[in-house]
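Contents: one structure, followed by commentary.
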Amino acid sequence: MTKKSQDRRQFLQLAGAGAVVSLTGARSSLGQNRRSSGRRPRKPQFQLGLASYTLRKFDLDQTLAMTRRLDLKYICFKDFHLALDSTPAQIEAVVAKVKEAGLTLYGGGVIGMKNEDQVHQAFDYAKAAGMKVIVASPAPQMLPMIDEKVRQYDIKVAIHNHGPGDKHFPTPSAIYKQVKDLDKRIGICHDIGHTKRFGADPLAETEKYADRLHDMHIKDVSAANENGKGVEIGRGVIDIPKFIRILVKIKYDGIVSFEYEKDADDPMAGLAESVGYIRGVMAAV
């Protein structure tokens with residue numbers, strides 16, 4: 001057996017996950033960090049969840065069942081699983097089904113907010129579903145109206161960065177520049193994969209804009225440029241153990257949601273590997 005295989009097996013035992021993960025060197029580096037600090041490390045305050053865009057090819061019942069199989073407790077619905085134009089009765093029925101599955105519907109998105117009607121719809125939708133956060137892709141000119149609605153509804157808005165090709169909000173820094181003078185409930189859903197693909201440092205931006213992080217989309221990518229593709233977490237170019245340590249350092253206490261975009265027709269193997277990897281890192285910090 002090679003050293004790499006031994007490291008992988010040891011980490012799986014630590015994580016208690018049945019997924020096959022590749023975490024070469026991560027556990028040893030975490031241990032060295034503990035020893036060098038001389039202090040008892042803080043534990044993560046955040047919870048793991050799922051961005052349901054991951055399961056976009058599956059219906060609501062399948063999505064809830066698959067989320068439960070992963071032992072994730074929190075879910076953010078894309079409109080595949082709860083349509084934006086749903087009636088109050090339809091929303092109530094879906095929310096009840098989520099609760100019956102033992103899950104918490106904490107947010108919705110990514111939701112476009114390109115005009116006044118979409119802004120009104122998004123807030124009414126989130127309120128009816130009991131969501132705490134709207135993960136949004138707004139037009140910049142809608143920000144003053146969103147600021148008013150946040151004060152009225154007391155629902156957070158987390159603007160999602162989309163990396164290359166997003167002319168308004170490619171990175172957290174671009175979001176922060178446009179929201180820093182608005183209500184603090186308007187902030188960032190940091191997609192670390194898109195930040196990496198843009199060529200920026202997702203770890204540095206997570207730490208720098210900690211006070212405006214209202215949601216996190218965790219993923220890994222194959223390259224730090226626009227050609228980077230989604231891969232199983234731990235197999236890409238993002239330093240995931242260091243990222244988790246930063247979340248602990250800044251005391252992030254929101255949700256970290258998996259948005260696994262690879263293998264849309266059959267995502268469970270790669271998604272389970274990714275979840276197992278993150279749980280292993282969390283256990284080791």
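Following the order of the structure tokens, chains are lettered A, B, ..., residues in each are numbered from 1, and ligands are numbered from 1.
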- So which residues touch range 149-151 of chain A within 12 Å, counting only C-alpha atoms, skipping near sequence neighbours fewer than 2 positions away, as a VMD selection string? chain A and resid 116 119 to 124 126 to 127 132 to 134 142 to 147 153 to 158 182 to 187
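Nearest to Pro44 in chain A of all the residues A:Leu247, A:Ile255, A:Ala139, A:Val94 is A:Leu247, counting only C-alpha atoms.
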- Query: Distance CA of Met113 in chain A-CA of His160 in chain A, one decimal place?
  - Reply: 11.7 Å
- Pick out the residues sitting within 12 Å of Val110 in chain A, and hand them over as a ChimeraX atom specification; count only C-alpha atoms, and ignore anything fewer than 4 positions along from it in its own chain. /A:51-54,76-80,84,122,133-138,157-162,188-191,215,217,259
Write the selection just made, keeping C-alpha atoms, as an mmCIF file, in the first residue's frame?
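part-v3.cif was written with the following content:
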```cif
data_model
loop_
_atom_site.group_PDB
_atom_site.id
_atom_site.type_symbol
_atom_site.label_atom_id
_atom_site.label_comp_id
_atom_site.auth_asym_id
_atom_site.auth_seq_id
_atom_site.Cartn_x
_atom_site.Cartn_y
_atom_site.Cartn_z
ATOM 1 C CA ALA A 51 -27.567 24.094 -2.499
ATOM 2 C CA SER A 52 -30.280 22.179 -4.320
ATOM 3 C CA TYR A 53 -28.946 23.295 -7.711
ATOM 4 C CA THR A 54 -26.641 20.315 -7.166
ATOM 5 C CA CYS A 76 -31.275 26.082 0.028
ATOM 6 C CA PHE A 77 -33.820 25.601 -2.741
ATOM 7 C CA LYS A 78 -33.276 26.523 -6.337
ATOM 8 C CA ASP A 79 -36.594 27.134 -8.065
ATOM 9 C CA PHE A 80 -36.458 23.641 -9.620
ATOM 10 C CA LEU A 84 -40.834 31.225 -7.544
ATOM 11 C CA ALA A 122 -38.303 37.165 -4.101
ATOM 12 C CA VAL A 133 -31.634 34.326 3.455
ATOM 13 C CA ILE A 134 -32.162 35.024 -0.234
ATOM 14 C CA VAL A 135 -29.173 34.034 -2.357
ATOM 15 C CA ALA A 136 -29.425 36.612 -5.097
ATOM 16 C CA SER A 137 -28.165 37.737 -8.452
ATOM 17 C CA PRO A 138 -29.445 41.319 -8.603
ATOM 18 C CA VAL A 157 -29.751 38.957 0.990
ATOM 19 C CA ALA A 158 -26.532 37.184 0.026
ATOM 20 C CA ILE A 159 -25.319 38.215 -3.421
ATOM 21 C CA HIS A 160 -23.733 35.280 -5.225
ATOM 22 C CA ASN A 161 -20.498 35.858 -7.131
ATOM 23 C CA HIS A 162 -20.222 34.046 -10.463
ATOM 24 C CA ILE A 188 -22.250 37.919 0.166
ATOM 25 C CA CYS A 189 -22.849 34.305 -0.766
ATOM 26 C CA HIS A 190 -19.249 33.408 -1.464
ATOM 27 C CA ASP A 191 -18.829 30.768 -4.137
ATOM 28 C CA ASP A 215 -23.885 32.192 3.004
ATOM 29 C CA HIS A 217 -21.087 27.754 -1.545
ATOM 30 C CA GLU A 259 -22.872 23.146 -4.728
#
```
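Counting only C-alpha atoms and comparing A:Leu213, A:Leu203, A:Met268, A:Ile278, the residue that lies closest to Tyr176 in chain A is A:Leu213.
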Using DSSP secondary structure from the backbone, list all strand (DSSP E or B) positions within range 129-178 of chain A, as a tab-separated table (two decimals) with N, CA and C atoms, in the first residue's frame.
```tsv
chain	number	residue	atom	x	y	z
A	133	VAL	N	-32.53	33.64	4.37
A	133	VAL	CA	-31.63	34.33	3.45
A	133	VAL	C	-32.08	34.08	2.02
A	134	ILE	N	-31.96	35.13	1.21
A	134	ILE	CA	-32.16	35.02	-0.23
A	134	ILE	C	-30.79	35.09	-0.88
A	135	VAL	N	-30.42	34.04	-1.59
A	135	VAL	CA	-29.17	34.03	-2.36
A	135	VAL	C	-29.51	34.64	-3.72
A	136	ALA	N	-28.92	35.78	-4.02
A	136	ALA	CA	-29.43	36.61	-5.10
A	136	ALA	C	-28.40	36.92	-6.17
A	137	SER	N	-28.95	37.21	-7.35
A	137	SER	CA	-28.16	37.74	-8.45
A	137	SER	C	-28.89	38.99	-8.95
A	138	PRO	N	-28.67	40.12	-8.28
A	138	PRO	CA	-29.45	41.32	-8.60
A	138	PRO	C	-28.79	42.17	-9.68
A	156	LYS	N	-32.14	38.36	5.17
A	156	LYS	CA	-30.83	38.67	4.61
A	156	LYS	C	-30.82	38.41	3.10
A	157	VAL	N	-30.01	39.18	2.41
A	157	VAL	CA	-29.75	38.96	0.99
A	157	VAL	C	-28.26	38.71	0.82
A	158	ALA	N	-27.92	37.56	0.26
A	158	ALA	CA	-26.53	37.18	0.03
A	158	ALA	C	-26.30	37.15	-1.48
A	159	ILE	N	-25.56	38.12	-1.98
A	159	ILE	CA	-25.32	38.21	-3.42
A	159	ILE	C	-24.25	37.19	-3.80
A	160	HIS	N	-24.58	36.39	-4.79
A	160	HIS	CA	-23.73	35.28	-5.22
A	160	HIS	C	-22.77	35.76	-6.31
```
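The space between CA of Asp263 in chain A and CA of Lys97 in chain A spans 26.4 Å.
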- Looking at only C-alpha atoms, which of A:Asn225, A:Gln152, A:Ser86, A:Thr63 is the one that sits closest to Ala128 in chain A? A:Ser86
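As for CA of Val256 in chain A and CA of Gly236 in chain A, they are spaced 18.1 Å apart.
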- Item | Counting only C-alpha atoms, the residue of A:Thr87, A:Thr195, A:Gln118, A:Gln141 that sits nearest Asp166 in chain A | A:Thr195
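Distances here use only C-alpha atoms; by that measure, the residue among A:Lys196, A:Phe169, A:Tyr277, A:Gly270 closest to Asn227 in chain A is A:Lys196.
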- Task: Give the alpha helix (DSSP H) residues of range 62-280 of chain A, as DSSP finds them on the backbone, and put them as JSON, numbers by chain.
- Result: {"A": [62, 63, 64, 65, 66, 67, 68, 69, 88, 89, 90, 91, 92, 93, 94, 95, 96, 97, 98, 99, 100, 116, 117, 118, 119, 120, 121, 122, 123, 124, 125, 126, 127, 128, 129, 143, 144, 145, 146, 147, 148, 149, 150, 151, 152, 153, 172, 173, 174, 175, 176, 177, 178, 179, 192, 193, 194, 195, 196, 197, 198, 202, 203, 204, 205, 206, 207, 208, 240, 241, 242, 243, 244, 245, 246, 247, 248, 249, 268, 269, 270, 271, 272, 273, 274, 275, 276, 277, 278, 279, 280]}
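Neighbours of Leu271 in chain A closer than or equal to 10 Å, with only C-alpha atoms counted and sequence neighbours fewer than 2 positions away skipped, come out as Ala19, Thr54, Leu70, Lys219, Val231, Glu232, Ile233, Phe258, Glu259, Tyr260, Glu261, Lys262, Asp263, Asp266, Pro267, Met268, Ala269, Glu273, Ser274, Val275, Gly276 and Tyr277 of chain A.
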Find the residues near Lys57 in chain A: any atom within 8 Å, counting only C-alpha atoms, skip ones fewer than 2 places away on the same chain, and give them as an mmCIF file with C-alpha atoms, in the first residue's frame.
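And here is the file that came out, around11.cif:
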```cif
data_model
loop_
_atom_site.group_PDB
_atom_site.id
_atom_site.type_symbol
_atom_site.label_atom_id
_atom_site.label_comp_id
_atom_site.auth_asym_id
_atom_site.auth_seq_id
_atom_site.Cartn_x
_atom_site.Cartn_y
_atom_site.Cartn_z
ATOM 1 C CA LEU A 55 -29.645 18.014 -7.674
ATOM 2 C CA ASP A 59 -37.472 16.109 -8.316
ATOM 3 C CA ALA A 264 -25.455 16.289 -12.920
ATOM 4 C CA ASP A 265 -27.187 13.056 -13.952
#
```
